[in-house]
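Novice: The structure follows.
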There are 2 protein chains.
Amino acid sequence: MPKKKNYHHGDLKNALIKAGVEILAKDGVSGLSLRKVALKAGVSHTAPYSHFADKQALIAAISTEGFRQLYKRVSAVIDEYQTKPSTQLVEVAWAYVQFAMDDPDRFKVMFSGVLEKEKEYPEFVAESQRSFQLVKMIVEANQTSGKLRGGSSDLAALSVWGIIHGFVLLLLEGQIPHAILEQKSLRELVEFQLEQIMVK
Amino acid sequence: MPKKKNYHHGDLKNALIKAGVEILAKDGVSGLSLRKVALKAGVSHTAPYSHFADKQALIAAISTEGFRQLYKRVSAVIDEYQTKPSTQLVEVAWAYVQFAMDDPDRFKVMFSGVLEKEKEYPEFVAESQRSFQLVKMIVEANQTSGKLRGGSSDLAALSVWGIIHGFVLLLLEGQIPHAILEQKSLRELVEFQLEQIMVK
DNA sequence: TCTCAATCTTGACACTGTAAAGATTATAGA
DNA sequence: TCTATAATCTTTACAGTGTCAAGATTGAGA
């Protein structure tokens with residue numbers, strides 16, 4: 001009896017996450033099924049249960065991985081624009097928008113309630129808070145330089161995140177009036193959003 | 001053979017929408033199935049197909065109905081506070097937040113991509129735009145009174161909506177840091193958000 | 001080498017959306 | 001008023017889904 005070489009996959013957990021991301025990009029949230037993910041990874045339809053408690057757990061892992069990449073990209077932007085804090089803020093916001101548009105369905109999964117939060121996923125919470133800390137840092141720098149109003153940096157960071165996040169979601173849902181999108185580029189719209197809360 | 005009095009329901013379409021809203025409130029998005037809706041309405045599991053092309057169409061109808069109610073509530077608030085435009089703005093924002101929290105799952109369905117937008121649902125689009133026009137009106141009043149910066153009222157309305165909408169979604173997703181929620185009431189947080197873009 | 005825990009497969013179940021065909025009823029036109 | 005036709009609803013069927021239970025395979029430590 002020949003040894004089945006691939007009975008143990010070796011790195012199935014990550015392979016499943018990767019397969020999930022790909023299916024998400026191709027078929028959207030409604031097309032993401034555990035069975036398809038397993039098939040794509042080349043294992044039986046219940047193999048994922050050795051690594052994830054249920055479908056929600058896989059989605060949590062995909063979301064967590066998404067936050068990890070978002071953190072990376074935002075960090076890179078911060079490093080790249082170390083001139084003025086206000087420039088950093090705009091560029092980070094722009095990176096956020098691009099991240100969302102690169103893979104809208106993953107973004108929605110990360111933020112828009114596909115993940116049911118009753119069960120706690122500590123890694124997910126930790127990773128998302130890590131990203132928020134990044135925003136907070138930039139906001140504080142802008143408060144110091146006078147480009148953002150003072151007060152609680154937590155609250156100010158929430159405002160900044162909220163205004164961009166709200167814009168992105170309205171964008172992804174096609175709720176932004178046609179007339180607006182014809183007049184201004186996305187980049188200009190993002191800048192306009194930020195100008196609303198920037199001092200002067 | 002006795003006439004089955006209830007073979008034709010009479011107003012099944014609306015009954016299905018109502019049943020859907022109730023299931024949504026109780027079991028969440030993931031618990032919303034066509035079969036459950038049909039059962040709750042007292043008809044066979046395929047009866048809905050006489051009124052809706054598919055599940056998405058029912059969800060679109062639920063969303064549309066949601067926008068109709070949102071419009072009503074916001075209108076009422078506008079009528080109630082006809083003093084200062086800035087007061088109207090705060091109260092409308094507060095009504096928006098309350099609407100979301102009254103029925104978080106319906107709110108998510110309305111906005112967060114459960115509805116797949118490839119297929120067009122003209123009623124849905126019309127109703128959501130009608131609500132946006134309401135926001136635009138208030139924003140214009142605030143621009144006139146100097147409480148909001150000038151420029152395109154479409155863009156300004158987008159900012160206002162975005163900042164509140166973003167806040168609500170972060171709230172519903174539990175992404176707002178614990179420390180913040182302990183310090184300030186929801187109402188105060190909403191006011192803080194708006195102060196960020198109000199002049200002075 | 002033996003044992004055991006981790007990993008993966010097979011098989012089964014209830015539940016889902018939806019298509020097809022037929023039953024029932026309302027209604028419009030004769 | 002009668003009848004044909006369209007609207008509405010039911011029955012039946014099927015493929016796809018998440019998940020559980022039992023068993024097969026394998027790697028790693030005793």
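Residues are referred to by chain and number: the chain letter is A, B, ... according to the order shown in the structure tokens, the number counts from 1 in that chain, and ligands are numbered separately from 1 in the order shown.
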Residues of chain D within 7 Å of chain B, counting only C-alpha atoms (C1' of nucleotides), what are they? List them as a ChimeraX atom specification.

Specialist: /D:8-10

Novice: Please, could you write that set of residues out with C-alpha atoms (C1' of nucleotides) as a PDB file, in the first residue's frame?

Specialist:
ATOM      1  C1'  DT D   8     -51.819  32.843  -6.651  1.00  0.00           C
ATOM      2  C1'  DC D   9     -50.599  29.003  -3.929  1.00  0.00           C
ATOM      3  C1'  DT D  10     -49.103  23.835  -3.099  1.00  0.00           C
TER       4       DT D  10
END

Novice: Counting only C-alpha atoms (C1' of nucleotides), give me one row per residue of chain C with an atom at most 10 Å from an atom of chain A, showing the shortest contact pair and its distance in Å to one decimal, sorted by chain then residue number, as a tab-separated table.

Specialist:
residue	atom	partner	partner_atom	distance
C:DA6	C1'	A:Ser50	CA	8.5
C:DT7	C1'	A:His8	CA	6.3
C:DC8	C1'	A:Ala47	CA	5.9
C:DT9	C1'	A:Ser44	CA	6.5
C:DT10	C1'	A:Ser44	CA	9.2

Novice: Taking only C-alpha atoms into account, report as a list of chain:residue names which residues of chain B lie within 8 Å of chain A.

Specialist: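 In the required form, that comes to B:Lys108, B:Phe111, B:Ser112, B:Gly113, B:Lys117, B:Arg149, B:Asp154, B:Leu155, B:Leu158, B:Ser159, B:Trp161, B:Gly162, B:Ile163, B:Ile164, B:His165, B:Gly166, B:Phe167, B:Leu169, B:Leu170, B:Glu173, B:Gly174, B:Ile176, B:Ile180, B:Gln193, B:Gln196, B:Ile197.
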
Novice: Just C-alpha atoms for this one: save the residues we selected as a tab-separated table (two decimals), in the first residue's frame.

Specialist:
chain	number	residue	atom	x	y	z
B	108	LYS	CA	-27.13	46.38	8.27
B	111	PHE	CA	-26.63	49.50	4.10
B	112	SER	CA	-23.99	46.88	4.47
B	113	GLY	CA	-24.03	44.92	1.31
B	117	LYS	CA	-26.48	45.54	-6.20
B	149	ARG	CA	-18.70	75.44	5.22
B	154	ASP	CA	-23.91	67.31	-2.41
B	155	LEU	CA	-20.37	66.87	-1.16
B	158	LEU	CA	-21.95	63.28	1.84
B	159	SER	CA	-19.50	64.32	4.54
B	161	TRP	CA	-23.80	61.43	6.25
B	162	GLY	CA	-20.43	59.74	6.09
B	163	ILE	CA	-19.29	60.86	9.51
B	164	ILE	CA	-22.49	59.71	11.19
B	165	HIS	CA	-22.84	56.56	9.13
B	166	GLY	CA	-19.25	55.60	9.83
B	167	PHE	CA	-19.79	56.15	13.52
B	169	LEU	CA	-21.27	51.13	11.75
B	170	LEU	CA	-18.26	51.15	14.02
B	173	GLU	CA	-19.64	46.27	14.92
B	174	GLY	CA	-18.37	46.84	18.43
B	176	ILE	CA	-15.54	51.56	19.33
B	180	ILE	CA	-14.67	55.76	25.06
B	193	GLN	CA	-18.78	63.85	15.80
B	196	GLN	CA	-15.84	68.19	14.24
B	197	ILE	CA	-17.27	69.51	11.01

Novice: Just want the 9 Å neighbourhood of DG17 (chain C), counted on only C-alpha atoms (C1' of nucleotides), with same-chain residues fewer than 2 positions away dropped. Output as a list in words.

Specialist: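 That gives Ser33, Leu34, Arg35, Asp54 and Lys55 of chain B; DG16 of chain D.
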
Novice: For the alpha helix (DSSP H) assignment from backbone DSSP, which residues of region 7-72 of chain B qualify? Please present them as an MDAnalysis selection string.

Specialist: chainID B and resid 12:27 34:41 55:72

Novice: Write a file of the just-selected residues containing C-alpha atoms, as a JSON list (two decimals), in the first residue's frame.

Specialist:
[["chain", "number", "residue", "atom", "x", "y", "z"],
["B", 12, "LEU", "CA", -49.20, 38.04, 1.15],
["B", 13, "LYS", "CA", -46.56, 40.33, -0.24],
["B", 14, "ASN", "CA", -46.74, 42.72, 2.70],
["B", 15, "ALA", "CA", -47.19, 39.87, 5.14],
["B", 16, "LEU", "CA", -43.93, 38.38, 3.91],
["B", 17, "ILE", "CA", -42.10, 41.65, 4.32],
["B", 18, "LYS", "CA", -43.46, 41.99, 7.83],
["B", 19, "ALA", "CA", -42.52, 38.42, 8.72],
["B", 20, "GLY", "CA", -39.06, 39.03, 7.30],
["B", 21, "VAL", "CA", -38.54, 42.10, 9.47],
["B", 22, "GLU", "CA", -39.57, 40.16, 12.56],
["B", 23, "ILE", "CA", -37.29, 37.22, 11.84],
["B", 24, "LEU", "CA", -34.47, 39.65, 11.13],
["B", 25, "ALA", "CA", -34.94, 41.28, 14.52],
["B", 26, "LYS", "CA", -35.03, 37.94, 16.30],
["B", 27, "ASP", "CA", -32.54, 35.75, 14.46],
["B", 34, "LEU", "CA", -37.27, 32.35, 2.75],
["B", 35, "ARG", "CA", -38.73, 29.18, 4.17],
["B", 36, "LYS", "CA", -38.98, 30.59, 7.67],
["B", 37, "VAL", "CA", -40.59, 33.72, 6.31],
["B", 38, "ALA", "CA", -43.13, 31.65, 4.42],
["B", 39, "LEU", "CA", -43.86, 29.50, 7.45],
["B", 40, "LYS", "CA", -44.39, 32.56, 9.61],
["B", 41, "ALA", "CA", -46.79, 33.97, 7.05],
["B", 55, "LYS", "CA", -34.52, 35.94, -1.82],
["B", 56, "GLN", "CA", -32.62, 39.05, -2.86],
["B", 57, "ALA", "CA", -35.84, 40.63, -4.04],
["B", 58, "LEU", "CA", -37.45, 40.09, -0.65],
["B", 59, "ILE", "CA", -34.42, 41.61, 1.03],
["B", 60, "ALA", "CA", -34.67, 44.56, -1.34],
["B", 61, "ALA", "CA", -38.30, 45.02, -0.34],
["B", 62, "ILE", "CA", -37.40, 44.88, 3.35],
["B", 63, "SER", "CA", -34.68, 47.45, 2.78],
["B", 64, "THR", "CA", -36.97, 49.71, 0.81],
["B", 65, "GLU", "CA", -39.55, 49.57, 3.55],
["B", 66, "GLY", "CA", -36.79, 50.40, 6.02],
["B", 67, "PHE", "CA", -35.84, 53.51, 4.08],
["B", 68, "ARG", "CA", -39.47, 54.52, 3.98],
["B", 69, "GLN", "CA", -39.64, 54.41, 7.77],
["B", 70, "LEU", "CA", -36.32, 56.16, 8.14],
["B", 71, "TYR", "CA", -37.59, 58.95, 5.91],
["B", 72, "LYS", "CA", -40.68, 59.24, 8.04]]

Novice: My list of candidates is B:Phe52, B:Gly42, B:Val97, B:Gly146. Which is closest to Lys84 (chain B) when distances are computed with only C-alpha atoms?

Specialist: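 Nearest candidate to Lys84 (chain B) out of B:Phe52, B:Gly42, B:Val97, B:Gly146: B:Gly146.
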
Novice: One decimal, in Å: what's the spacing between CA of Met101 (chain A) and CA of Leu186 (chain A)?

Specialist: 10.9 Å
